[in-house]
$ cat final16.txt   # compact mmCIF, C-alpha atoms
# COMPACT_ATOMS: atom_id res chain seq x y z
CA MET M 1 14.70 20.41 32.61
CA PRO M 2 17.37 21.15 29.98
CA ASP M 3 17.50 18.98 26.87
CA GLU M 4 20.59 16.79 27.30
CA ARG M 5 20.54 15.37 23.79
CA GLY M 6 23.35 16.35 21.47
CA HIS M 7 22.96 18.87 18.67
CA LEU M 8 22.99 16.15 15.97
CA GLN M 9 20.42 14.06 17.80
CA ARG M 10 18.09 17.03 18.24
CA SER M 11 18.54 18.02 14.61
CA LEU M 12 17.74 14.51 13.40
CA GLN M 13 14.71 14.36 15.71
CA MET M 14 13.50 17.70 14.34
CA PHE M 15 14.07 16.53 10.76
CA GLN M 16 12.14 13.34 11.44
CA ASP M 17 9.24 15.23 13.03
CA ASN M 18 9.06 17.60 10.06
CA VAL M 19 9.13 14.74 7.56
CA ARG M 20 6.36 12.96 9.46
CA ARG M 21 4.19 16.07 9.62
CA ALA M 22 4.78 16.69 5.93
CA GLY M 23 3.40 13.22 5.06
CA PRO M 24 -0.12 14.31 3.98
CA ALA M 25 1.23 17.30 2.05
CA ALA M 26 3.81 15.09 0.33
CA ALA M 27 1.05 12.64 -0.59
CA GLY M 28 -0.95 15.47 -2.15
CA SER M 29 1.97 16.93 -4.08
CA TYR M 30 3.04 13.52 -5.40
CA ALA M 31 -0.56 12.89 -6.46
CA LEU M 32 -0.60 16.22 -8.33
CA ILE M 33 2.56 15.44 -10.28
CA GLY M 34 1.56 11.79 -10.72
CA ALA M 35 -1.87 12.71 -12.10
CA VAL M 36 -0.45 15.13 -14.67
CA ILE M 37 2.18 12.59 -15.82
CA LEU M 38 -0.23 9.63 -15.83
CA PHE M 39 -3.07 11.25 -17.76
CA GLY M 40 -0.69 13.18 -19.97
CA ALA M 41 1.03 9.91 -20.92
CA ILE M 42 -2.31 8.19 -21.52
CA GLY M 43 -3.34 11.10 -23.75
CA TYR M 44 -0.04 10.98 -25.62
CA ALA M 45 -0.43 7.23 -26.18
CA ALA M 46 -4.01 7.71 -27.36
CA ASP M 47 -2.84 10.41 -29.81
CA ALA M 48 -0.09 8.14 -31.12
CA TRP M 49 -2.58 5.31 -31.57
CA GLN M 50 -5.36 7.33 -33.19
CA GLY M 51 -3.20 9.96 -34.94
CA THR M 52 -5.11 12.80 -33.30
CA ALA M 53 -2.21 14.77 -31.80
CA PRO M 54 -2.41 16.88 -29.70
CA ARG M 55 -6.07 16.54 -28.70
CA PHE M 56 -5.86 13.62 -26.27
CA LEU M 57 -2.56 14.89 -24.88
CA LEU M 58 -4.10 18.26 -24.00
CA GLY M 59 -7.23 16.56 -22.67
CA GLY M 60 -5.11 14.21 -20.57
CA LEU M 61 -3.03 17.05 -19.15
CA ALA M 62 -6.16 19.03 -18.29
CA LEU M 63 -7.74 15.99 -16.64
CA GLY M 64 -4.49 15.34 -14.78
CA LEU M 65 -4.50 18.90 -13.44
CA VAL M 66 -8.11 18.62 -12.28
CA VAL M 67 -7.61 15.25 -10.58
CA GLY M 68 -4.21 16.26 -9.17
CA PHE M 69 -5.44 19.51 -7.65
CA TYR M 70 -8.49 17.75 -6.25
CA GLU M 71 -6.21 15.18 -4.57
CA LEU M 72 -3.93 17.96 -3.32
CA ALA M 73 -6.86 19.90 -1.87
CA ARG M 74 -8.20 16.74 -0.26
CA SER M 75 -4.84 15.96 1.32
CA VAL M 76 -4.02 19.36 2.78
CA TRP M 77 -7.42 20.95 3.38
CA PRO M 78 -7.79 21.96 7.06
CA ARG M 79 -9.81 19.31 8.83
CA MET E 80 32.71 -4.18 -16.83
CA ALA E 81 31.56 -2.33 -19.89
CA PHE E 82 33.83 0.47 -18.69
CA GLN E 83 36.79 -1.92 -18.59
CA GLU E 84 36.04 -3.01 -22.09
CA HIS E 85 35.76 0.60 -23.21
CA ALA E 86 39.03 1.46 -21.43
CA ALA E 87 40.77 -1.39 -23.19
CA GLY E 88 39.14 -0.29 -26.43
CA ALA E 89 40.17 3.35 -25.98
CA ALA E 90 43.83 2.36 -25.80
CA GLY E 91 43.70 0.60 -29.13
CA ALA E 92 43.92 2.32 -32.51
CA THR E 93 40.77 0.66 -33.80
CA ALA E 94 38.78 1.44 -30.65
CA GLU E 95 35.03 1.62 -30.76
CA LYS E 96 33.85 5.15 -29.90
CA PHE E 97 32.69 5.40 -26.28
CA ASP E 98 28.97 6.03 -26.04
CA ALA E 99 28.28 7.20 -22.48
CA GLY E 100 24.50 7.26 -22.92
CA ARG E 101 24.31 3.68 -24.22
CA THR E 102 26.66 2.41 -21.52
CA ILE E 103 24.70 4.12 -18.73
CA ILE E 104 21.36 2.85 -20.02
CA GLU E 105 22.82 -0.67 -20.29
CA HIS E 106 23.87 -0.44 -16.65
CA VAL E 107 20.61 0.85 -15.19
CA SER E 108 18.22 -1.22 -17.29
CA ASN E 109 17.15 -4.81 -16.84
CA SER E 110 18.51 -7.71 -18.92
CA PRO E 111 16.97 -7.75 -22.40
CA LEU E 112 14.28 -10.38 -22.84
CA GLU E 113 16.28 -11.87 -25.74
CA HIS E 114 19.17 -12.58 -23.34
CA PRO E 115 17.72 -13.40 -19.91
CA LEU E 116 19.82 -14.95 -17.16
CA ILE E 117 17.73 -18.12 -17.09
CA HIS E 118 15.53 -18.89 -20.04
CA VAL E 119 12.12 -20.32 -19.15
CA PRO E 120 9.60 -21.32 -21.83
CA SER E 121 6.60 -19.00 -22.22
CA VAL E 122 3.37 -20.02 -20.52
CA ALA E 123 0.15 -18.79 -22.16
CA GLY E 124 2.19 -16.24 -24.13
CA ILE E 125 3.84 -14.83 -20.99
CA ASP E 126 7.64 -14.95 -20.84
CA PHE E 127 8.69 -16.15 -17.37
CA SER E 128 12.44 -15.96 -18.09
CA VAL E 129 14.53 -14.80 -15.14
CA THR E 130 16.16 -11.42 -15.71
CA LYS E 131 18.73 -9.65 -13.54
CA HIS E 132 16.19 -7.66 -11.56
CA VAL E 133 14.10 -10.78 -10.92
CA LEU E 134 17.24 -12.51 -9.61
CA MET E 135 17.91 -9.52 -7.36
CA LEU E 136 14.34 -9.66 -6.04
CA TRP E 137 14.82 -13.35 -5.19
CA ILE E 138 18.14 -12.66 -3.49
CA VAL E 139 16.68 -9.81 -1.40
CA ALA E 140 13.54 -11.79 -0.48
CA ALA E 141 15.56 -14.89 0.46
CA LEU E 142 18.09 -12.87 2.47
CA VAL E 143 15.48 -10.86 4.38
CA GLY E 144 13.30 -13.93 4.98
CA ALA E 145 16.19 -16.12 6.16
CA VAL E 146 17.87 -13.52 8.40
CA VAL E 147 14.68 -12.22 10.07
CA THR E 148 13.26 -15.73 10.56
CA ALA E 149 16.51 -17.05 12.06
CA VAL E 150 16.90 -14.09 14.43
CA VAL E 151 13.27 -14.16 15.61
CA ARG E 152 13.30 -17.97 16.08
CA ARG E 153 16.47 -17.75 18.16
CA TYR E 154 14.88 -14.98 20.24
CA LEU E 155 11.71 -16.99 20.86
CA LYS E 156 13.74 -20.00 22.00
CA GLN E 157 15.47 -17.97 24.71
CA ASP E 158 14.51 -18.61 28.36
CA ARG E 159 14.23 -14.90 29.09
CA PRO E 160 12.65 -12.76 26.35
CA ILE E 161 15.34 -10.07 26.37
CA PRO E 162 16.47 -9.06 22.88
CA SER E 163 20.16 -8.78 22.18
CA GLY E 164 22.40 -8.11 19.20
CA PHE E 165 20.61 -7.98 15.85
CA MET E 166 17.25 -8.69 17.52
CA ASN E 167 17.65 -5.40 19.37
CA ALA E 168 18.01 -3.54 16.09
CA LEU E 169 15.10 -5.43 14.57
CA GLU E 170 12.87 -4.61 17.52
CA ALA E 171 13.85 -0.95 17.30
CA ILE E 172 12.90 -0.90 13.58
CA VAL E 173 9.54 -2.58 14.28
CA GLU E 174 8.73 -0.14 17.06
CA TYR E 175 9.87 2.81 14.97
CA VAL E 176 7.65 1.84 12.03
CA ARG E 177 4.68 1.21 14.32
CA ASP E 178 5.03 4.31 16.53
CA VAL E 179 6.37 6.86 14.06
CA ILE E 180 4.99 5.83 10.66
CA VAL E 181 1.82 3.79 11.15
CA GLN E 182 0.20 4.95 14.40
CA PRO E 183 0.14 8.73 13.72
CA ASN E 184 -1.54 8.09 10.37
CA VAL E 185 -3.93 5.16 10.85
CA GLY E 186 -4.60 5.68 14.56
CA ARG E 187 -4.00 3.55 17.64
CA LYS E 188 -6.98 1.26 16.93
CA TRP E 189 -5.69 0.11 13.55
CA ALA E 190 -1.94 0.39 14.17
CA ASN E 191 -1.36 -3.29 14.90
CA THR E 192 -3.49 -4.30 11.89
CA TRP E 193 -1.43 -2.31 9.37
CA THR E 194 2.04 -2.32 10.94
CA PRO E 195 2.99 -5.75 9.47
CA LEU E 196 2.26 -4.60 5.91
CA VAL E 197 4.03 -1.25 6.22
CA LEU E 198 6.95 -2.89 8.03
CA THR E 199 7.29 -5.51 5.28
CA LEU E 200 7.29 -2.81 2.61
CA PHE E 201 9.82 -0.74 4.57
CA ILE E 202 12.30 -3.57 5.16
CA PHE E 203 11.96 -5.03 1.68
CA ILE E 204 12.43 -1.67 -0.07
CA LEU E 205 15.29 -0.72 2.24
CA CYS E 206 17.11 -4.00 1.58
CA ALA E 207 16.43 -3.93 -2.17
CA ASN E 208 17.71 -0.33 -2.34
CA ALA E 209 20.76 -1.20 -0.26
CA MET E 210 21.59 -4.27 -2.36
CA GLY E 211 21.74 -1.95 -5.36
CA LEU E 212 24.75 -0.26 -3.83
CA VAL E 213 26.60 -3.56 -3.42
CA PRO E 214 28.44 -4.42 -6.67
CA ILE E 215 27.65 -8.14 -6.52
CA PHE E 216 27.51 -8.77 -10.26
CA GLU E 217 30.58 -6.66 -10.91
CA VAL E 218 32.54 -8.80 -8.39
CA VAL E 219 31.30 -11.91 -10.20
CA GLY E 220 32.48 -10.30 -13.45
CA VAL E 221 35.96 -9.59 -12.04
CA LEU E 222 36.20 -13.15 -10.71
CA ASP E 223 35.08 -14.47 -14.08
CA HIS E 224 37.60 -12.30 -15.93
CA TRP E 225 40.62 -13.15 -13.77
CA VAL E 226 39.82 -16.56 -12.27
CA LEU E 227 36.89 -18.47 -13.75
CA HIS E 228 37.38 -17.72 -17.49
CA THR E 229 33.90 -18.94 -18.44
CA GLY E 230 32.61 -19.05 -22.01
CA PRO E 231 31.07 -16.06 -23.86
CA ASP E 232 27.49 -17.22 -23.21
CA SER E 233 28.00 -18.28 -19.58
CA PHE E 234 25.78 -17.26 -16.66
CA ALA E 235 28.54 -15.04 -15.26
CA LYS E 236 28.89 -13.18 -18.58
CA ARG E 237 25.13 -12.65 -18.80
CA LEU E 238 25.15 -11.06 -15.33
CA LEU E 239 27.23 -8.14 -16.60
CA HIS E 240 26.24 -4.91 -18.36
CA GLY E 241 23.55 -3.61 -16.08
CA GLY E 242 22.57 -2.15 -12.76
CA THR E 243 21.25 -4.32 -10.01
CA THR E 244 18.82 -2.15 -8.06
CA ALA E 245 15.55 -4.02 -8.36
CA THR E 246 13.60 -1.02 -7.01
CA ALA E 247 14.87 1.07 -9.94
CA ASN E 248 12.65 -1.08 -12.17
CA PHE E 249 9.20 0.46 -12.71
CA ASN E 250 7.58 -3.00 -12.83
CA VAL E 251 8.86 -3.77 -9.34
CA THR E 252 7.68 -0.48 -7.85
CA ALA E 253 4.36 -0.84 -9.69
CA ALA E 254 3.88 -4.24 -8.03
CA LEU E 255 4.65 -2.74 -4.61
CA ALA E 256 2.26 0.17 -5.29
CA THR E 257 -0.44 -2.31 -6.36
CA ILE E 258 -0.18 -3.88 -2.90
CA THR E 259 -0.71 -0.40 -1.42
CA PHE E 260 -3.66 0.19 -3.78
CA PHE E 261 -5.48 -2.92 -2.55
CA ALA E 262 -4.46 -2.21 1.06
CA ILE E 263 -6.25 1.17 0.81
CA ILE E 264 -9.44 -0.54 -0.36
CA VAL E 265 -9.19 -3.27 2.29
CA ALA E 266 -8.51 -0.67 5.03
CA GLY E 267 -11.57 1.37 4.07
CA THR E 268 -13.71 -1.76 3.79
CA LYS E 269 -12.58 -3.12 7.18
CA ALA E 270 -13.21 0.22 8.87
CA HIS E 271 -16.55 1.15 7.28
CA GLY E 272 -17.86 -1.84 5.32
CA PHE E 273 -17.60 -2.34 1.55
CA VAL E 274 -20.50 -0.15 0.44
CA LYS E 275 -19.81 2.64 2.97
CA HIS E 276 -16.15 2.72 1.92
CA TRP E 277 -17.05 3.50 -1.68
CA LYS E 278 -19.74 5.97 -0.53
CA ASN E 279 -17.10 7.71 1.59
CA LEU E 280 -15.09 8.55 -1.49
CA VAL E 281 -17.23 11.63 -2.07
CA PRO E 282 -18.66 14.15 0.43
CA HIS E 283 -22.24 13.62 1.52
CA GLY E 284 -25.10 16.04 1.00
CA LEU E 285 -23.95 17.72 -2.20
CA ALA E 286 -26.06 18.67 -5.21
CA PRO E 287 -26.59 15.60 -7.47
CA LEU E 288 -24.92 17.37 -10.40
CA LEU E 289 -21.67 17.66 -8.45
CA TYR E 290 -21.55 13.89 -7.96
CA ILE E 291 -21.40 13.44 -11.73
CA ILE E 292 -18.12 15.38 -11.64
CA LEU E 293 -16.72 14.21 -8.29
CA VAL E 294 -17.24 10.45 -8.62
CA PRO E 295 -15.07 10.09 -11.78
CA ILE E 296 -12.43 12.43 -10.28
CA GLU E 297 -12.27 10.35 -7.11
CA LEU E 298 -12.08 7.08 -9.06
CA LEU E 299 -9.25 8.47 -11.19
CA GLY E 300 -7.60 9.75 -8.00
CA LEU E 301 -7.53 6.16 -6.74
CA LEU E 302 -5.27 5.26 -9.68
CA VAL E 303 -3.07 8.32 -9.26
CA ARG E 304 -1.84 7.43 -5.77
CA PRO E 305 -0.19 4.10 -6.64
CA PHE E 306 1.13 5.62 -9.87
CA ALA E 307 2.82 8.42 -7.89
CA LEU E 308 4.36 5.82 -5.56
CA THR E 309 5.58 3.80 -8.55
CA MET E 310 7.24 6.70 -10.34
CA ARG E 311 8.74 8.33 -7.27
CA LEU E 312 10.62 5.30 -5.94
CA ALA E 313 11.85 3.99 -9.29
CA ALA E 314 12.89 7.44 -10.55
CA ASN E 315 14.78 8.27 -7.36
CA MET E 316 16.64 4.97 -7.33
CA THR E 317 17.53 5.24 -11.04
CA GLY E 318 18.61 8.89 -10.74
CA GLY E 319 21.41 8.30 -8.25
CA HIS E 320 22.91 5.49 -10.29
CA ILE E 321 22.77 7.52 -13.49
CA ALA E 322 24.57 10.40 -11.73
CA ILE E 323 27.37 8.10 -10.50
CA LEU E 324 27.77 6.43 -13.90
CA ALA E 325 27.78 9.78 -15.72
CA ILE E 326 30.56 11.05 -13.47
CA LEU E 327 32.57 7.84 -13.91
CA SER E 328 32.16 8.05 -17.67
CA PHE E 329 34.34 11.21 -17.62
CA VAL E 330 37.32 8.84 -17.35
CA PHE E 331 36.63 7.29 -20.75
CA MET E 332 35.49 10.53 -22.38
CA PHE E 333 38.74 12.29 -21.44
CA ALA E 334 40.86 9.26 -22.36
CA GLU E 335 39.20 9.31 -25.77
CA LEU E 336 39.39 13.10 -26.11
CA PHE E 337 43.14 13.30 -25.47
CA GLY E 338 43.99 9.91 -26.98
CA HIS E 339 45.80 8.79 -23.81
CA ALA E 340 44.60 6.55 -21.02
CA ILE E 341 46.60 8.68 -18.56
CA ALA E 342 44.30 11.67 -19.20
CA GLY E 343 41.30 9.58 -18.26
CA ILE E 344 43.04 8.18 -15.19
CA GLY E 345 43.99 11.70 -14.08
CA VAL E 346 40.43 12.98 -14.42
CA GLY E 347 39.23 9.85 -12.69
CA LEU E 348 41.53 10.32 -9.69
CA ALA E 349 40.99 14.07 -9.43
CA VAL E 350 37.28 14.37 -10.22
CA SER E 351 35.30 11.22 -10.96
CA VAL E 352 36.25 8.96 -8.07
CA PRO E 353 35.93 11.62 -5.29
CA LEU E 354 32.58 12.80 -6.71
CA ALA E 355 31.32 9.23 -7.17
CA VAL E 356 32.30 8.39 -3.58
CA GLY E 357 30.45 11.51 -2.37
CA ILE E 358 27.31 10.66 -4.34
CA SER E 359 27.50 7.05 -3.14
CA ALA E 360 27.53 8.37 0.43
CA LEU E 361 24.45 10.47 -0.40
CA GLU E 362 22.86 7.35 -1.88
CA ILE E 363 23.07 5.70 1.53
CA ILE E 364 20.80 8.46 2.84
CA VAL E 365 18.60 8.20 -0.25
CA ILE E 366 17.96 4.45 0.23
CA LEU E 367 16.79 5.11 3.78
CA VAL E 368 14.65 8.13 2.86
CA GLN E 369 13.01 6.38 -0.10
CA ALA E 370 12.05 3.33 1.97
CA TYR E 371 10.76 5.68 4.66
CA VAL E 372 8.74 7.83 2.25
CA PHE E 373 7.14 4.83 0.50
CA SER E 374 6.10 3.39 3.88
CA LEU E 375 4.93 6.78 5.14
CA LEU E 376 2.80 7.43 2.04
CA THR E 377 1.31 3.94 2.28
CA ALA E 378 0.36 4.67 5.91
CA VAL E 379 -1.02 8.10 4.95
CA PHE E 380 -3.20 6.63 2.17
CA ILE E 381 -4.46 3.84 4.44
CA GLY E 382 -5.18 6.46 7.11
CA MET E 383 -7.13 8.56 4.60
CA ALA E 384 -9.33 5.54 3.80
CA ILE E 385 -9.94 4.89 7.51
CA HIS E 386 -10.42 8.46 8.76
CA VAL E 387 -12.61 10.02 6.12
CA HIS E 388 -12.87 13.80 6.18
CA HIS E 389 -14.59 15.89 3.57
$ encode --input "final16.txt" --output "structure tokens"
Amino acid sequence: MPDERGHLQRSLQMFQDNVRRAGPAAAGSYALIGAVILFGAIGYAADAWQGTAPRFLLGGLALGLVVGFYELARSVWPR
Amino acid sequence: MAFQEHAAGAAGATAEKFDAGRTIIEHVSNSPLEHPLIHVPSVAGIDFSVTKHVLMLWIVAALVGAVVTAVVRRYLKQDRPIPSGFMNALEAIVEYVRDVIVQPNVGRKWANTWTPLVLTLFIFILCANAMGLVPIFEVVGVLDHWVLHTGPDSFAKRLLHGGTTATANFNVTAALATITFFAIIVAGTKAHGFVKHWKNLVPHGLAPLLYIILVPIELLGLLVRPFALTMRLAANMTGGHIAILAILSFVFMFAELFGHAIAGIGVGLAVSVPLAVGISALEIIVILVQAYVFSLLTAVFIGMAIHVHH
């Protein structure tokens, strides 16, 4: 049976399906960026407080990368 | 209104130099704590004064609560339960959130448990985002300038100089993400029990040494998810407004550069206004997408706590 929906309707449906399927991947990628920013910022604040720049900043960024990639792997790993 | 003041200033010989950055930041940031809309005495060292974004939150919450309650009550009082008018739209939104956002992620068994939360987040964020596009305070400012003529420290004057998108405030999005954070824990606990939920954070049957690494990473990962939600929504909502304001500020920059208001007006008519209208149209899509993505990610995170896979 031919699809009687209009081009716009089919396009929007396709877009919506893609966005929905991308949900777990989006969660992982946001977690990756969020982790780097969060722990980097905590490290930066710790450096500013203790006067130890850039030790905590680098440590925070490294920790953010580890946690972020772990979250990313957990989100998109084939189940 | 700051633009109007700058425009008036630019025409005068002793005009203050237009600072686009300061003006834009004034517009997108909340009221300063030194000049809140309604001053409330501090309680236990915490300042409970009402700022512009708090007022917007109240307006959105009251509007959504009143409209949805009134429509649903009217529907329930009908003899035949057939939705019509706004109730039709509301029912379509509820079904959409349940069938498209919640159910594919948390599963059929838990869909009805978590739909109310995700639906509340979706509608509240959507309305708060949308209210940011409505220039309520600016209209109050125009009325005050031309009709009311209130004093320099009046409520209407304090409403000016700032954006009104409550979801562009990181504190607001952090509060919403905190709800998601606890929802994830409650979802895992309801599905597996409290102890099993925390045990599920890490894969079973690994070497003990690996747990020393994985447990802290997982605990830190718990904090990362709400943080990502917080930053994403607030940054996206702030970004669009900054873009519009930056484009509109061309009017005053060019007026200042050429020393004539007509230069600014020309740039405004030819460039700034058409571009700002275009970006405002894009913002309508953005407010929908951002509400959708926040709700979707909340459902995904809740689903991850319920359906544990390692």
$ residues_around --input "final16.txt" --residues "stretch 350-363 of chain E" --least-positions-apart "5" --cutoff "7 Å" --atoms "all atoms listed in the file" --output "number ranges by chain"
E: 319, 323, 326-327, 329
$ atom_distance --input "final16.txt" --atom1 "atom CA of E:Leu238" --atom2 "atom CA of E:Ile138"
13.9 Å
$ interface_residues --input "final16.txt" --of "chain E" --to "chain M" --cutoff "8 Å" --atoms "all atoms listed in the file" --output "list in words"
Val179, Ile180, Ile296, Glu297, Leu299, Gly300, Val303, Arg304, Phe306, Ala307, Leu308, Met310, Arg311, Leu375, Leu376, Val379, Phe380, His388 and His389 of chain E
$ atom_distance --input "final16.txt" --atom1 "atom CA of E:Ile125" --atom2 "atom CA of M:Asp47"
27.6 Å
$ atom_distance --input "final16.txt" --atom1 "atom CA of E:Ser128" --atom2 "atom CA of E:Asn315"
26.6 Å
$ residues_around --input "final16.txt" --residues "E:Thr192" --least-positions-apart "4" --cutoff "12 Å" --atoms "all atoms listed in the file" --output "VMD selection string"
chain E and resid 177 181 to 182 185 to 188 196 to 198 262 265 to 266 269 to 270 378 381 to 382
$ residues_around --input "final16.txt" --residues "E:Ala207" --least-positions-apart "3" --cutoff "7 Å" --atoms "only C-alpha atoms" --output "VMD selection string"
chain E and resid 139 203 to 204 210 to 211 244 to 246
$ closest_residue --input "final16.txt" --among "E:Val107, E:Val330, E:Cys206, E:Ile215" --to "E:Val346" --atoms "all atoms listed in the file"
E:Val330
$ axis_aligned_box --input "final16.txt" --around "stretch 152-157 of chain E" --padding-each-side "3 Å" --output "AutoDock Vina command-line options"
--center_x 14.1 --center_y -17.5 --center_z 20.4 --size_x 10.8 --size_y 11.0 --size_z 14.6
$ residues_around --input "final16.txt" --residues "stretch 248-251 of chain E" --least-positions-apart "2" --cutoff "9 Å" --atoms "only C-alpha atoms" --output "NGL selection string"
:E and (107-109 or 132-133 or 136 or 244-246 or 253-256 or 309-310 or 312-314 or 316-317)
$ closest_residue --input "final16.txt" --among "E:Ala235, E:Val368, E:Leu293, E:Ile264" --to "E:Phe216" --atoms "all atoms listed in the file"
E:Ala235
$ build_atoms --input "final16.txt" --residues "stretch 226-233 of chain E" --atoms "all heavy atoms" --output "PDB file, in the coordinates of the input"
ATOM      1  N   VAL E 226      39.686 -15.227 -12.867  1.00  0.00           N
ATOM      2  CA  VAL E 226      39.820 -16.560 -12.270  1.00  0.00           C
ATOM      3  C   VAL E 226      39.054 -17.632 -13.044  1.00  0.00           C
ATOM      4  O   VAL E 226      39.616 -18.644 -13.462  1.00  0.00           O
ATOM      5  CB  VAL E 226      39.330 -16.555 -10.784  1.00  0.00           C
ATOM      6  CG1 VAL E 226      39.544 -17.921 -10.137  1.00  0.00           C
ATOM      7  CG2 VAL E 226      40.030 -15.459  -9.989  1.00  0.00           C
ATOM      8  N   LEU E 227      37.755 -17.408 -13.227  1.00  0.00           N
ATOM      9  CA  LEU E 227      36.890 -18.470 -13.750  1.00  0.00           C
ATOM     10  C   LEU E 227      37.067 -18.712 -15.249  1.00  0.00           C
ATOM     11  O   LEU E 227      37.036 -19.854 -15.708  1.00  0.00           O
ATOM     12  CB  LEU E 227      35.421 -18.158 -13.439  1.00  0.00           C
ATOM     13  CG  LEU E 227      35.087 -17.962 -11.950  1.00  0.00           C
ATOM     14  CD1 LEU E 227      33.660 -17.466 -11.775  1.00  0.00           C
ATOM     15  CD2 LEU E 227      35.260 -19.285 -11.190  1.00  0.00           C
ATOM     16  N   HIS E 228      37.214 -17.647 -16.029  1.00  0.00           N
ATOM     17  CA  HIS E 228      37.380 -17.720 -17.490  1.00  0.00           C
ATOM     18  C   HIS E 228      36.266 -18.544 -18.142  1.00  0.00           C
ATOM     19  O   HIS E 228      36.531 -19.495 -18.870  1.00  0.00           O
ATOM     20  CB  HIS E 228      38.753 -18.317 -17.860  1.00  0.00           C
ATOM     21  CG  HIS E 228      39.897 -17.592 -17.235  1.00  0.00           C
ATOM     22  ND1 HIS E 228      40.220 -16.296 -17.534  1.00  0.00           N
ATOM     23  CD2 HIS E 228      40.799 -18.003 -16.305  1.00  0.00           C
ATOM     24  CE1 HIS E 228      41.277 -15.915 -16.822  1.00  0.00           C
ATOM     25  NE2 HIS E 228      41.638 -16.932 -16.066  1.00  0.00           N
ATOM     26  N   THR E 229      35.021 -18.193 -17.858  1.00  0.00           N
ATOM     27  CA  THR E 229      33.900 -18.940 -18.440  1.00  0.00           C
ATOM     28  C   THR E 229      33.697 -18.530 -19.910  1.00  0.00           C
ATOM     29  O   THR E 229      34.246 -17.524 -20.375  1.00  0.00           O
ATOM     30  CB  THR E 229      32.603 -18.663 -17.659  1.00  0.00           C
ATOM     31  OG1 THR E 229      32.361 -17.271 -17.694  1.00  0.00           O
ATOM     32  CG2 THR E 229      32.707 -19.156 -16.233  1.00  0.00           C
ATOM     33  N   GLY E 230      32.856 -19.277 -20.583  1.00  0.00           N
ATOM     34  CA  GLY E 230      32.610 -19.050 -22.010  1.00  0.00           C
ATOM     35  C   GLY E 230      31.829 -17.765 -22.260  1.00  0.00           C
ATOM     36  O   GLY E 230      31.281 -17.164 -21.329  1.00  0.00           O
ATOM     37  N   PRO E 231      31.734 -17.340 -23.544  1.00  0.00           N
ATOM     38  CA  PRO E 231      31.070 -16.060 -23.860  1.00  0.00           C
ATOM     39  C   PRO E 231      29.577 -16.038 -23.538  1.00  0.00           C
ATOM     40  O   PRO E 231      29.001 -14.959 -23.375  1.00  0.00           O
ATOM     41  CB  PRO E 231      31.320 -15.893 -25.360  1.00  0.00           C
ATOM     42  CG  PRO E 231      31.652 -17.256 -25.863  1.00  0.00           C
ATOM     43  CD  PRO E 231      32.289 -17.995 -24.723  1.00  0.00           C
ATOM     44  N   ASP E 232      28.928 -17.201 -23.475  1.00  0.00           N
ATOM     45  CA  ASP E 232      27.490 -17.220 -23.210  1.00  0.00           C
ATOM     46  C   ASP E 232      27.188 -17.790 -21.812  1.00  0.00           C
ATOM     47  O   ASP E 232      26.088 -18.283 -21.548  1.00  0.00           O
ATOM     48  CB  ASP E 232      26.781 -18.067 -24.282  1.00  0.00           C
ATOM     49  CG  ASP E 232      25.293 -17.742 -24.331  1.00  0.00           C
ATOM     50  OD1 ASP E 232      24.941 -16.556 -24.117  1.00  0.00           O
ATOM     51  OD2 ASP E 232      24.493 -18.676 -24.543  1.00  0.00           O
ATOM     52  N   SER E 233      28.176 -17.696 -20.918  1.00  0.00           N
ATOM     53  CA  SER E 233      28.000 -18.280 -19.580  1.00  0.00           C
ATOM     54  C   SER E 233      27.082 -17.406 -18.726  1.00  0.00           C
ATOM     55  O   SER E 233      26.799 -16.245 -19.057  1.00  0.00           O
ATOM     56  CB  SER E 233      29.351 -18.408 -18.889  1.00  0.00           C
ATOM     57  OG  SER E 233      29.873 -17.119 -18.640  1.00  0.00           O
TER      58      SER E 233
END
